[in-house]
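structure.tsv (TSV, C-alpha atoms) appears below.
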chain	number	residue	atom	x	y	z
A	24	MET	CA	0.00	0.00	0.00
A	25	ASN	CA	1.32	3.44	-0.92
A	26	PHE	CA	0.89	6.02	1.84
A	27	ASP	CA	2.40	8.91	-0.10
A	28	ASP	CA	0.10	11.83	-0.87
A	29	THR	CA	-1.47	11.91	-4.30
A	30	PRO	CA	-1.04	15.24	-6.14
A	31	GLN	CA	-4.54	16.24	-5.00
A	32	GLU	CA	-3.80	15.28	-1.38
A	33	ALA	CA	-0.47	17.11	-1.48
A	34	ALA	CA	-2.28	20.25	-2.69
A	35	PHE	CA	-4.85	19.88	0.10
A	36	ARG	CA	-2.06	19.47	2.68
A	37	ALA	CA	-0.28	22.58	1.41
A	38	GLU	CA	-3.52	24.57	1.58
A	39	ALA	CA	-4.23	23.37	5.13
A	40	ARG	CA	-0.67	24.06	6.27
A	41	LYS	CA	-0.75	27.58	4.83
A	42	TRP	CA	-4.05	28.40	6.54
A	43	ILE	CA	-2.97	27.01	9.91
A	44	ASP	CA	0.33	28.89	9.72
A	45	ALA	CA	-1.56	32.13	9.12
A	46	ASN	CA	-4.42	31.63	11.58
A	47	ALA	CA	-3.39	29.35	14.45
A	48	PRO	CA	-3.16	30.98	17.93
A	49	LYS	CA	0.64	30.96	18.01
A	50	GLU	CA	0.62	32.61	21.43
A	51	LEU	CA	-0.59	29.26	22.83
A	52	GLU	CA	1.96	27.11	21.00
A	53	ALA	CA	4.44	26.76	23.88
A	54	GLU	CA	1.72	26.09	26.43
A	55	LEU	CA	-0.05	23.51	24.25
A	56	SER	CA	3.25	21.79	23.50
A	57	LYS	CA	3.90	21.33	27.22
A	58	SER	CA	0.35	20.38	28.20
A	59	SER	CA	0.23	16.94	29.71
A	60	LEU	CA	-1.49	14.11	27.94
A	61	GLY	CA	-4.94	13.70	29.42
A	62	ARG	CA	-4.87	17.20	30.94
A	63	ILE	CA	-5.41	20.17	28.67
A	64	LYS	CA	-5.46	23.22	30.87
A	65	LEU	CA	-4.38	26.72	29.95
A	66	LYS	CA	-3.06	29.31	32.38
A	67	ASP	CA	-5.20	32.45	32.59
A	68	ARG	CA	-7.50	31.16	29.83
A	69	ASP	CA	-10.65	29.07	29.79
A	70	ILE	CA	-10.15	26.09	27.46
A	71	VAL	CA	-13.83	26.16	26.37
A	72	ASP	CA	-13.71	29.85	25.40
A	73	VAL	CA	-10.45	29.36	23.50
A	74	ALA	CA	-11.83	26.22	21.81
A	75	LYS	CA	-14.96	28.06	20.68
A	76	ARG	CA	-12.93	30.84	19.12
A	77	TRP	CA	-10.67	28.35	17.29
A	78	GLN	CA	-13.68	26.33	16.12
A	79	LYS	CA	-15.42	29.45	14.83
A	80	ARG	CA	-12.30	30.57	13.00
A	81	LYS	CA	-11.98	27.16	11.36
A	82	SER	CA	-15.67	27.06	10.48
A	83	GLU	CA	-15.61	30.46	8.80
A	84	ALA	CA	-12.77	29.26	6.56
A	85	GLY	CA	-14.30	25.83	5.87
A	86	TRP	CA	-11.98	23.77	8.08
A	87	ALA	CA	-14.42	22.56	10.76
A	88	CYS	CA	-16.13	19.15	10.70
A	89	LEU	CA	-14.42	18.52	7.37
A	90	GLN	CA	-16.15	15.22	6.60
A	91	TRP	CA	-19.66	16.62	7.07
A	92	PRO	CA	-21.72	17.76	4.07
A	93	LYS	CA	-21.46	21.46	3.30
A	94	GLU	CA	-25.14	22.07	4.00
A	95	TYR	CA	-24.59	20.96	7.60
A	96	GLY	CA	-21.55	23.13	8.21
A	97	GLY	CA	-18.82	20.85	6.91
A	98	ARG	CA	-16.60	20.78	3.86
A	99	GLY	CA	-17.60	17.50	2.22
A	100	ALA	CA	-14.00	16.35	2.53
A	101	SER	CA	-12.84	12.77	2.14
A	102	PRO	CA	-11.72	10.65	5.13
A	103	VAL	CA	-8.13	10.92	3.90
A	104	GLU	CA	-8.36	14.72	3.80
A	105	ARG	CA	-9.67	14.68	7.36
A	106	VAL	CA	-6.60	12.71	8.46
A	107	ILE	CA	-4.32	15.13	6.61
A	108	TRP	CA	-6.00	18.05	8.39
A	109	GLN	CA	-5.52	16.42	11.80
A	110	GLN	CA	-1.85	15.83	11.00
A	111	GLU	CA	-1.34	19.45	10.01
A	112	GLU	CA	-3.41	20.91	12.85
A	113	GLY	CA	-1.00	19.20	15.25
A	114	ILE	CA	-0.93	20.61	18.78
A	115	TYR	CA	-3.76	23.02	17.96
A	116	GLY	CA	-5.97	19.96	17.63
A	117	LYS	CA	-5.94	19.88	21.43
A	118	LEU	CA	-8.22	22.89	21.31
A	119	THR	CA	-10.93	20.81	19.64
A	120	GLN	CA	-11.41	18.68	22.77
A	121	PRO	CA	-14.76	20.23	23.82
A	122	PHE	CA	-16.16	19.53	20.33
A	123	GLN	CA	-14.87	15.99	19.80
A	124	ILE	CA	-17.96	14.29	21.22
A	125	GLY	CA	-20.30	16.47	19.18
A	126	GLU	CA	-18.33	16.18	15.97
A	127	GLY	CA	-17.38	12.53	16.26
A	128	MET	CA	-20.41	10.97	17.96
A	129	CYS	CA	-23.51	13.14	18.43
A	130	GLY	CA	-23.36	14.87	15.05
A	131	PRO	CA	-23.19	11.61	13.03
A	132	THR	CA	-26.12	10.23	15.05
A	133	VAL	CA	-28.28	13.29	14.40
A	134	MET	CA	-27.21	13.14	10.76
A	135	ALA	CA	-28.34	9.52	10.51
A	136	TYR	CA	-31.63	9.73	12.43
A	137	GLY	CA	-32.66	13.37	12.81
A	138	SER	CA	-35.15	15.18	10.61
A	139	GLU	CA	-33.85	17.38	7.83
A	140	ALA	CA	-34.99	20.42	9.79
A	141	ASP	CA	-33.05	19.27	12.85
A	142	LYS	CA	-29.90	18.66	10.81
A	143	ARG	CA	-29.99	22.14	9.30
A	144	ARG	CA	-30.82	23.76	12.63
A	145	TYR	CA	-28.33	22.06	14.97
A	146	LEU	CA	-25.39	20.73	12.97
A	147	PRO	CA	-24.12	24.05	11.53
A	148	ARG	CA	-24.18	25.54	15.04
A	149	LEU	CA	-22.12	22.63	16.31
A	150	ALA	CA	-19.65	22.96	13.45
A	151	SER	CA	-19.27	26.71	14.00
A	152	GLY	CA	-18.53	26.37	17.71
A	153	GLU	CA	-21.78	27.97	18.86
A	154	ASP	CA	-23.06	24.81	20.57
A	155	ILE	CA	-21.33	21.96	22.39
A	156	TRP	CA	-22.89	18.49	22.66
A	157	CYS	CA	-22.42	15.62	25.10
A	158	GLN	CA	-23.38	11.94	25.16
A	159	LEU	CA	-25.67	10.68	27.95
A	160	PHE	CA	-25.26	6.88	27.98
A	161	SER	CA	-23.55	5.30	31.01
A	162	GLU	CA	-25.37	4.78	34.30
A	163	PRO	CA	-24.21	3.87	37.83
A	164	ALA	CA	-25.91	0.45	37.81
A	165	GLY	CA	-24.95	-0.41	34.24
A	166	GLY	CA	-21.47	0.93	33.54
A	167	SER	CA	-20.30	-0.25	30.14
A	168	ASP	CA	-23.47	-2.34	29.75
A	169	VAL	CA	-25.36	0.39	27.94
A	170	ALA	CA	-28.37	-1.89	27.47
A	171	GLY	CA	-28.66	-2.23	31.26
A	172	LEU	CA	-29.81	1.39	31.61
A	173	ARG	CA	-32.67	2.33	33.97
A	174	THR	CA	-33.44	5.93	32.99
A	175	ARG	CA	-37.13	5.85	32.09
A	176	ALA	CA	-38.98	7.80	29.42
A	177	GLU	CA	-42.78	7.59	29.68
A	178	ARG	CA	-45.35	8.85	27.21
A	179	HIS	CA	-47.16	12.00	28.25
A	180	GLY	CA	-49.47	13.51	25.64
A	181	ASP	CA	-47.43	14.38	22.56
A	182	GLY	CA	-44.15	14.10	24.44
A	183	TRP	CA	-42.22	12.19	27.08
A	184	ILE	CA	-41.33	12.58	30.74
A	185	ILE	CA	-37.87	11.35	31.68
A	186	ASN	CA	-36.52	10.38	35.10
A	187	GLY	CA	-33.19	8.81	35.95
A	188	GLN	CA	-29.45	9.35	36.21
A	189	LYS	CA	-26.40	9.20	33.96
A	190	ILE	CA	-22.76	9.18	34.98
A	191	TRP	CA	-19.35	9.62	33.35
A	192	THR	CA	-20.78	12.25	31.00
A	193	SER	CA	-17.79	14.16	29.66
A	194	GLY	CA	-18.35	17.87	29.15
A	195	ALA	CA	-21.93	17.90	30.44
A	196	HIS	CA	-21.16	20.93	32.62
A	197	TYR	CA	-20.45	23.12	29.60
A	198	SER	CA	-22.64	21.43	26.97
A	199	ASP	CA	-25.68	22.98	25.34
A	200	TYR	CA	-27.25	19.77	24.05
A	201	GLY	CA	-26.89	16.03	24.49
A	202	ILE	CA	-28.11	12.76	23.03
A	203	LEU	CA	-29.88	10.65	25.64
A	204	ILE	CA	-30.77	6.97	25.54
A	205	THR	CA	-33.66	5.86	27.73
A	206	ARG	CA	-35.82	2.82	28.48
A	207	THR	CA	-39.34	3.17	27.16
A	208	ASP	CA	-40.51	-0.44	27.57
A	209	PRO	CA	-39.23	-2.53	30.51
A	210	THR	CA	-41.35	-5.56	29.55
A	211	VAL	CA	-39.07	-6.67	26.69
A	212	PRO	CA	-35.41	-7.87	26.73
A	213	LYS	CA	-32.90	-5.19	27.66
A	214	HIS	CA	-31.58	-4.50	24.15
A	215	LYS	CA	-35.15	-3.79	23.05
A	216	GLY	CA	-37.48	-1.17	24.45
A	217	LEU	CA	-34.81	1.56	24.29
A	218	THR	CA	-35.40	4.95	22.66
A	219	MET	CA	-32.97	7.77	21.85
A	220	PHE	CA	-33.65	11.49	22.21
A	221	TYR	CA	-31.70	14.70	21.97
A	222	ILE	CA	-32.22	17.25	24.73
A	223	SER	CA	-31.23	20.76	25.74
A	224	MET	CA	-28.92	20.59	28.75
A	225	LYS	CA	-30.49	23.86	29.93
A	226	SER	CA	-33.97	22.33	30.24
A	227	PRO	CA	-35.81	22.34	33.58
A	228	GLY	CA	-35.35	18.95	35.17
A	229	VAL	CA	-31.69	18.54	34.15
A	230	GLU	CA	-29.10	18.78	36.95
A	231	VAL	CA	-25.36	18.41	36.32
A	232	LYS	CA	-22.89	17.61	39.11
A	233	PRO	CA	-19.19	17.59	38.14
A	234	ILE	CA	-16.99	14.80	39.52
A	235	LYS	CA	-13.51	15.76	40.68
A	236	GLN	CA	-10.83	13.45	39.30
A	237	ALA	CA	-7.54	12.27	40.79
A	238	ASN	CA	-5.63	14.66	38.50
A	239	GLY	CA	-7.52	17.66	39.87
A	240	MET	CA	-9.65	18.15	36.76
A	241	GLN	CA	-13.46	18.04	36.56
A	242	GLU	CA	-14.08	16.85	33.01
A	243	PHE	CA	-16.97	14.43	33.53
A	244	ASN	CA	-20.18	14.51	35.51
A	245	GLU	CA	-23.24	12.94	37.02
A	246	VAL	CA	-26.44	14.09	35.34
A	247	PHE	CA	-29.86	13.75	36.99
A	248	PHE	CA	-33.25	13.94	35.24
A	249	THR	CA	-36.32	14.82	37.27
A	250	ASP	CA	-39.58	14.97	35.32
A	251	LEU	CA	-37.73	16.24	32.26
A	252	ARG	CA	-40.23	16.96	29.50
A	253	VAL	CA	-39.11	16.21	25.96
A	254	PRO	CA	-41.31	16.60	22.85
A	255	ASP	CA	-41.59	13.57	20.60
A	256	SER	CA	-40.05	15.65	17.81
A	257	GLN	CA	-36.74	15.30	19.63
A	258	ARG	CA	-36.74	11.52	19.27
A	259	LEU	CA	-33.96	10.00	17.17
A	260	GLY	CA	-35.11	6.84	15.42
A	261	ALA	CA	-38.18	4.74	16.12
A	262	VAL	CA	-39.62	4.10	19.55
A	263	GLY	CA	-37.97	0.93	20.85
A	264	ASP	CA	-35.13	1.08	18.32
A	265	GLY	CA	-32.71	2.99	20.55
A	266	TRP	CA	-30.16	0.18	20.62
A	267	ASN	CA	-29.64	0.32	16.87
A	268	VAL	CA	-29.42	4.10	17.03
A	269	SER	CA	-26.86	3.87	19.82
A	270	LEU	CA	-24.68	1.53	17.72
A	271	THR	CA	-24.16	4.40	15.27
A	272	THR	CA	-22.94	6.53	18.17
A	273	LEU	CA	-20.80	3.81	19.75
A	274	MET	CA	-19.06	2.79	16.54
A	275	ASN	CA	-18.25	6.41	15.77
A	276	GLU	CA	-17.16	6.89	19.39
A	277	ARG	CA	-14.66	4.06	19.34
A	278	MET	CA	-13.29	5.14	16.01
A	279	SER	CA	-13.03	8.76	17.18
A	280	ILE	CA	-11.39	7.89	20.50
A	281	GLY	CA	-9.08	5.31	18.98
A	282	ALA	CA	-7.98	7.63	16.20
A	283	ARG	CA	-7.29	10.62	18.46
A	284	LEU	CA	-6.11	8.96	21.68
A	285	ALA	CA	-2.44	9.63	22.28
A	286	THR	CA	-0.26	6.70	23.31
A	287	GLY	CA	2.57	8.70	24.85
A	288	PHE	CA	5.19	7.04	22.64
A	289	ALA	CA	6.60	10.25	21.17
A	290	GLU	CA	6.90	11.70	24.66
A	291	ILE	CA	8.61	8.66	26.20
A	292	PHE	CA	11.02	8.37	23.26
A	293	ALA	CA	12.06	12.02	23.60
A	294	PHE	CA	12.28	11.65	27.39
A	295	CYS	CA	14.58	8.62	27.18
A	296	ASN	CA	16.81	10.46	24.72
A	297	ASP	CA	17.23	13.37	27.13
A	298	LEU	CA	17.27	11.61	30.52
A	299	MET	CA	20.59	10.94	32.24
A	300	THR	CA	20.53	8.08	34.75
A	301	GLU	CA	23.28	6.86	37.10
A	302	ASP	CA	24.39	4.49	34.35
A	303	GLY	CA	24.35	7.03	31.56
A	304	PRO	CA	21.72	8.07	29.00
A	305	ALA	CA	18.48	6.13	29.43
A	306	ILE	CA	18.36	5.47	25.69
A	307	ASP	CA	21.59	3.45	25.94
A	308	ASP	CA	20.10	0.93	28.37
A	309	ARG	CA	19.21	-2.33	26.62
A	310	ALA	CA	16.08	-2.90	28.71
A	311	THR	CA	14.85	0.60	27.95
A	312	ARG	CA	15.54	0.19	24.24
A	313	SER	CA	13.64	-3.11	24.26
A	314	ARG	CA	10.59	-1.44	25.81
A	315	LEU	CA	10.78	1.44	23.35
A	316	ALA	CA	10.96	-1.00	20.44
A	317	ASN	CA	7.88	-2.83	21.70
A	318	TRP	CA	5.94	0.41	22.04
A	319	ALA	CA	7.16	1.59	18.63
A	320	VAL	CA	5.68	-1.55	17.06
A	321	ARG	CA	2.35	-1.05	18.83
A	322	ASN	CA	2.28	2.63	17.89
A	323	SER	CA	2.91	1.76	14.25
A	324	GLY	CA	0.26	-0.94	14.34
A	325	LEU	CA	-2.31	1.52	15.66
A	326	LYS	CA	-1.45	4.00	12.92
A	327	TYR	CA	-1.94	1.49	10.11
A	328	THR	CA	-5.07	0.04	11.72
A	329	SER	CA	-6.55	3.54	11.71
A	330	TYR	CA	-5.61	3.82	8.03
A	331	ARG	CA	-7.69	0.69	7.38
A	332	ALA	CA	-10.65	2.42	9.02
A	333	VAL	CA	-10.08	5.51	6.87
A	334	SER	CA	-9.97	3.30	3.79
A	335	ALA	CA	-13.30	1.70	4.76
A	336	LEU	CA	-14.88	5.10	5.32
A	337	SER	CA	-13.67	6.28	1.93
A	338	LYS	CA	-15.69	3.42	0.43
A	339	GLY	CA	-18.83	4.57	2.22
A	340	GLU	CA	-18.78	1.84	4.88
A	341	ARG	CA	-19.95	2.44	8.45
A	342	PRO	CA	-17.27	2.31	11.19
A	343	GLY	CA	-17.10	-1.31	12.35
A	344	PRO	CA	-16.22	-3.21	15.56
A	345	GLU	CA	-12.56	-3.40	14.55
A	346	ASN	CA	-12.22	0.20	15.67
A	347	SER	CA	-12.34	-1.05	19.26
A	348	ILE	CA	-8.73	-2.19	18.75
A	349	GLY	CA	-7.38	1.37	18.72
A	350	LYS	CA	-8.77	2.40	22.09
A	351	LEU	CA	-7.99	-0.93	23.74
A	352	VAL	CA	-4.31	-0.83	22.79
A	353	ALA	CA	-3.79	2.91	23.19
A	354	GLY	CA	-5.38	3.08	26.64
A	355	SER	CA	-3.21	0.37	28.19
A	356	MET	CA	-0.12	1.64	26.39
A	357	LEU	CA	-0.63	5.12	27.82
A	358	GLN	CA	-0.73	3.71	31.34
A	359	ASP	CA	2.32	1.46	30.85
A	360	ILE	CA	4.40	4.30	29.39
A	361	ALA	CA	3.50	6.69	32.21
A	362	THR	CA	4.39	4.07	34.83
A	363	TYR	CA	7.74	3.31	33.22
A	364	ALA	CA	8.64	6.99	32.84
A	365	MET	CA	8.01	7.58	36.52
A	366	ASP	CA	10.13	4.54	37.38
A	367	LEU	CA	12.98	6.09	35.39
A	368	GLU	CA	12.53	9.35	37.30
A	369	GLY	CA	13.05	7.57	40.61
A	370	THR	CA	12.14	9.60	43.69
A	371	ALA	CA	11.56	12.65	41.48
A	372	GLY	CA	8.55	10.80	40.13
A	373	VAL	CA	6.50	11.89	43.16
A	374	LEU	CA	6.60	15.51	41.95
A	375	ASN	CA	3.77	16.63	39.71
A	376	ASP	CA	4.22	20.42	39.75
A	377	PRO	CA	5.02	21.22	36.08
A	378	ASP	CA	7.39	23.99	37.20
A	379	VAL	CA	9.73	21.61	39.04
A	380	ALA	CA	8.94	18.06	37.90
A	381	GLU	CA	10.84	16.16	35.21
A	382	ALA	CA	9.29	16.64	31.74
A	383	ALA	CA	6.97	19.28	33.24
A	384	GLY	CA	5.11	16.56	35.14
A	385	GLN	CA	3.44	15.24	31.99
A	386	PHE	CA	3.94	11.58	32.89
A	387	GLN	CA	2.47	12.08	36.37
A	388	GLN	CA	-0.63	13.63	34.84
A	389	MET	CA	-0.68	10.92	32.19
A	390	LEU	CA	-0.72	8.23	34.88
A	391	LEU	CA	-3.51	9.92	36.83
A	392	SER	CA	-5.61	10.28	33.68
A	393	SER	CA	-4.89	6.87	32.15
A	394	PRO	CA	-7.43	4.82	34.17
A	395	SER	CA	-10.24	6.92	32.72
A	396	MET	CA	-8.96	6.19	29.21
A	397	ARG	CA	-9.47	2.48	29.88
A	398	ILE	CA	-13.09	3.06	30.92
A	399	ALA	CA	-14.41	5.85	28.70
A	400	GLY	CA	-15.97	4.60	25.49
A	401	GLY	CA	-16.16	1.02	26.81
A	402	THR	CA	-13.97	-0.77	29.35
A	403	ASP	CA	-11.09	-3.00	28.27
A	404	GLU	CA	-13.23	-6.05	29.03
A	405	ILE	CA	-16.11	-4.85	26.86
A	406	LEU	CA	-13.76	-4.05	23.99
A	407	ARG	CA	-12.08	-7.46	24.20
A	408	ASN	CA	-15.47	-9.14	23.98
A	409	ILE	CA	-16.40	-7.02	20.95
A	410	ILE	CA	-13.13	-7.86	19.19
A	411	ALA	CA	-13.36	-11.56	20.07
A	412	GLU	CA	-16.97	-12.01	19.01
A	413	ARG	CA	-17.52	-9.51	16.21
A	414	VAL	CA	-14.07	-9.31	14.64
A	415	LEU	CA	-12.53	-12.74	15.26
A	416	GLY	CA	-15.82	-14.66	15.24
A	417	LEU	CA	-15.17	-16.46	18.54
A	418	PRO	CA	-18.09	-17.89	20.56
A	419	GLY	CA	-19.91	-15.28	22.58
A	420	ASP	CA	-20.11	-15.04	26.34
A	421	ILE	CA	-23.01	-16.82	28.01
A	422	ARG	CA	-25.63	-14.14	28.63
A	423	VAL	CA	-28.37	-15.46	30.85
A	424	ASP	CA	-30.37	-12.23	30.61
A	425	LYS	CA	-30.34	-12.00	26.82
A	426	ASP	CA	-33.98	-12.97	26.20
A	427	VAL	CA	-35.39	-12.08	29.62
A	428	PRO	CA	-37.73	-9.07	29.94
A	429	PHE	CA	-35.80	-6.26	31.56
A	430	ASN	CA	-38.20	-5.95	34.50
A	431	LYS	CA	-37.72	-9.67	35.24
A	432	ILE	CA	-33.93	-9.52	35.52
A	433	PRO	CA	-32.87	-10.01	39.17
A	434	THR	CA	-31.34	-6.86	40.62
A	435	LYS	CA	-30.26	-8.06	44.07
A	436	GLY	CA	-26.71	-7.00	44.80
A	437	ARG	CA	-26.54	-4.62	41.81
A	438	GLY	CA	-27.57	-1.51	43.75

Represent the structure from my file as structure tokens, please.
Amino acid sequence: MNFDDTPQEAAFRAEARKWIDANAPKELEAELSKSSLGRIKLKDRDIVDVAKRWQKRKSEAGWACLQWPKEYGGRGASPVERVIWQQEEGIYGKLTQPFQIGEGMCGPTVMAYGSEADKRRYLPRLASGEDIWCQLFSEPAGGSDVAGLRTRAERHGDGWIINGQKIWTSGAHYSDYGILITRTDPTVPKHKGLTMFYISMKSPGVEVKPIKQANGMQEFNEVFFTDLRVPDSQRLGAVGDGWNVSLTTLMNERMSIGARLATGFAEIFAFCNDLMTEDGPAIDDRATRSRLANWAVRNSGLKYTSYRAVSALSKGERPGPENSIGKLVAGSMLQDIATYAMDLEGTAGVLNDPDVAEAAGQFQQMLLSSPSMRIAGGTDEILRNIIAERVLGLPGDIRVDKDVPFNKIPTKGRG
């Protein structure tokens, strides 16, 4: 396979590079370059405000949500052009974090199941940075078992009343809208009787409570719904078909996370080149070089696996279960690299103040953030099951609740 740019792709890359060079917020370059993986925080600036300005600037020039149709605020670009843009955007791509869920997960779901009026009303505002979206899926009693959700939506006139709770909702505290999956019929098996809606996060009956993380950030939240009223016009897909609708979101989610999730390899390689240990440069140690070689192979494998996904998208195919590979490998690799880097630092590894710690404390922050990377978008265990069953064709797990009505599934001990 030839990975060199075609003449058309080379021209697109040159155009993108020229625009970024002329318009990127260069005053943030040093700060973004030093920002720790898993922790994007700017001094004296609010990341959401900065992200909105960057998104708006890109949108006005036709560089936001590149793969979306033009009528919805995109550029109608090919999957390959989207990859080229991400490569050229580089560190400034960190500023897109508040919009990644909307662009990569919510937007495609609305595009697939929303009305034409909804698409033209909401998608351009998302692309232009006016609105931020979140994804309301996981629940305390269900975790990665999305189909085990208990948030209820009940018919009320020409709309619905929703009660329940979601957890692990990234960005809910600054989001304007969200897609919400609910249970509308508890008398059928758990994968049936689900219905998807989109909601305004500012609606009466929606309460967001940020959760403070080990790294000091508050990026995800609990969200409570108390008699939330939602018109039926805000339903995505048919009543009871929420599981199929959610698959569109989940497949895009795993592709989006897997494609964007950093592994930390570039950082550990540079760190080992610069670090002096008692025995000399860390890069000269055979054990260290062996680890770096192993991570280099994994990093390369992830890159070419993502290229396979891009190739499939270019043929008009929907993101498939194989995209779970990217997040599974990258998440564990991030944690392993952070742990090893701190081992190399020795007692200095306890310092996490970027002003005094080795490598500006990026590996300490990486380690504190890495557990969430192995949970968000599906736990390692869930992803392994998906890969085993849907990619490799291995026998599925025994699921005793598969054909049991949801309200008949025993709940003792589940909380």

Residues of range 289-345 of chain A that have any atom at most 9 Å from an atom of range 382-389 of chain A: could you tabulate them with the shortest-distance atom pair and the distance in Å to one decimal, using only C-alpha atoms, ordered by chain and increasing number, as a Markdown table?
| residue | atom | partner | partner_atom | distance |
| --- | --- | --- | --- | --- |
| A:Glu290 | CA | A:Phe386 | CA | 8.7 |
| A:Ile291 | CA | A:Phe386 | CA | 8.7 |
| A:Phe294 | CA | A:Ala382 | CA | 7.3 |

Separating CA of Asp307 in chain A from CA of Gly369 in chain A, to the nearest tenth of an Å, is a gap of 17.5 Å

For Leu406 in chain A, which residue among A:Ser167, A:Thr370, A:Thr362, A:Asn296 is the nearest when counting only C-alpha atoms?
-> A:Ser167

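Atom pair CA of Ser269 in chain A / CA of Ile184 in chain A: separated by 20.1 Å.
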
Give me, as an mmCIF file with C-alpha atoms, keeping the file's coordinate frame, all polymer residues having an atom no more than 10 Å from Arg98 in chain A, counting only C-alpha atoms and skipping those fewer than 2 positions away in the same chain.
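part_3.cif written:
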data_model
loop_
_atom_site.group_PDB
_atom_site.id
_atom_site.type_symbol
_atom_site.label_atom_id
_atom_site.label_comp_id
_atom_site.auth_asym_id
_atom_site.auth_seq_id
_atom_site.Cartn_x
_atom_site.Cartn_y
_atom_site.Cartn_z
ATOM 1 C CA SER A 82 -15.670 27.060 10.480
ATOM 2 C CA ALA A 84 -12.770 29.260 6.560
ATOM 3 C CA GLY A 85 -14.300 25.830 5.870
ATOM 4 C CA TRP A 86 -11.980 23.770 8.080
ATOM 5 C CA ALA A 87 -14.420 22.560 10.760
ATOM 6 C CA CYS A 88 -16.130 19.150 10.700
ATOM 7 C CA LEU A 89 -14.420 18.520 7.370
ATOM 8 C CA GLN A 90 -16.150 15.220 6.600
ATOM 9 C CA TRP A 91 -19.660 16.620 7.070
ATOM 10 C CA PRO A 92 -21.720 17.760 4.070
ATOM 11 C CA LYS A 93 -21.460 21.460 3.300
ATOM 12 C CA GLU A 94 -25.140 22.070 4.000
ATOM 13 C CA TYR A 95 -24.590 20.960 7.600
ATOM 14 C CA GLY A 96 -21.550 23.130 8.210
ATOM 15 C CA ALA A 100 -14.000 16.350 2.530
ATOM 16 C CA SER A 101 -12.840 12.770 2.140
ATOM 17 C CA ARG A 105 -9.670 14.680 7.360
#

Shell around Thr205 in chain A at 8 Å using all atoms listed in the file, local window under 4 positions removed, as a ChimeraX atom specification | /A:172-176,185,217-220,265
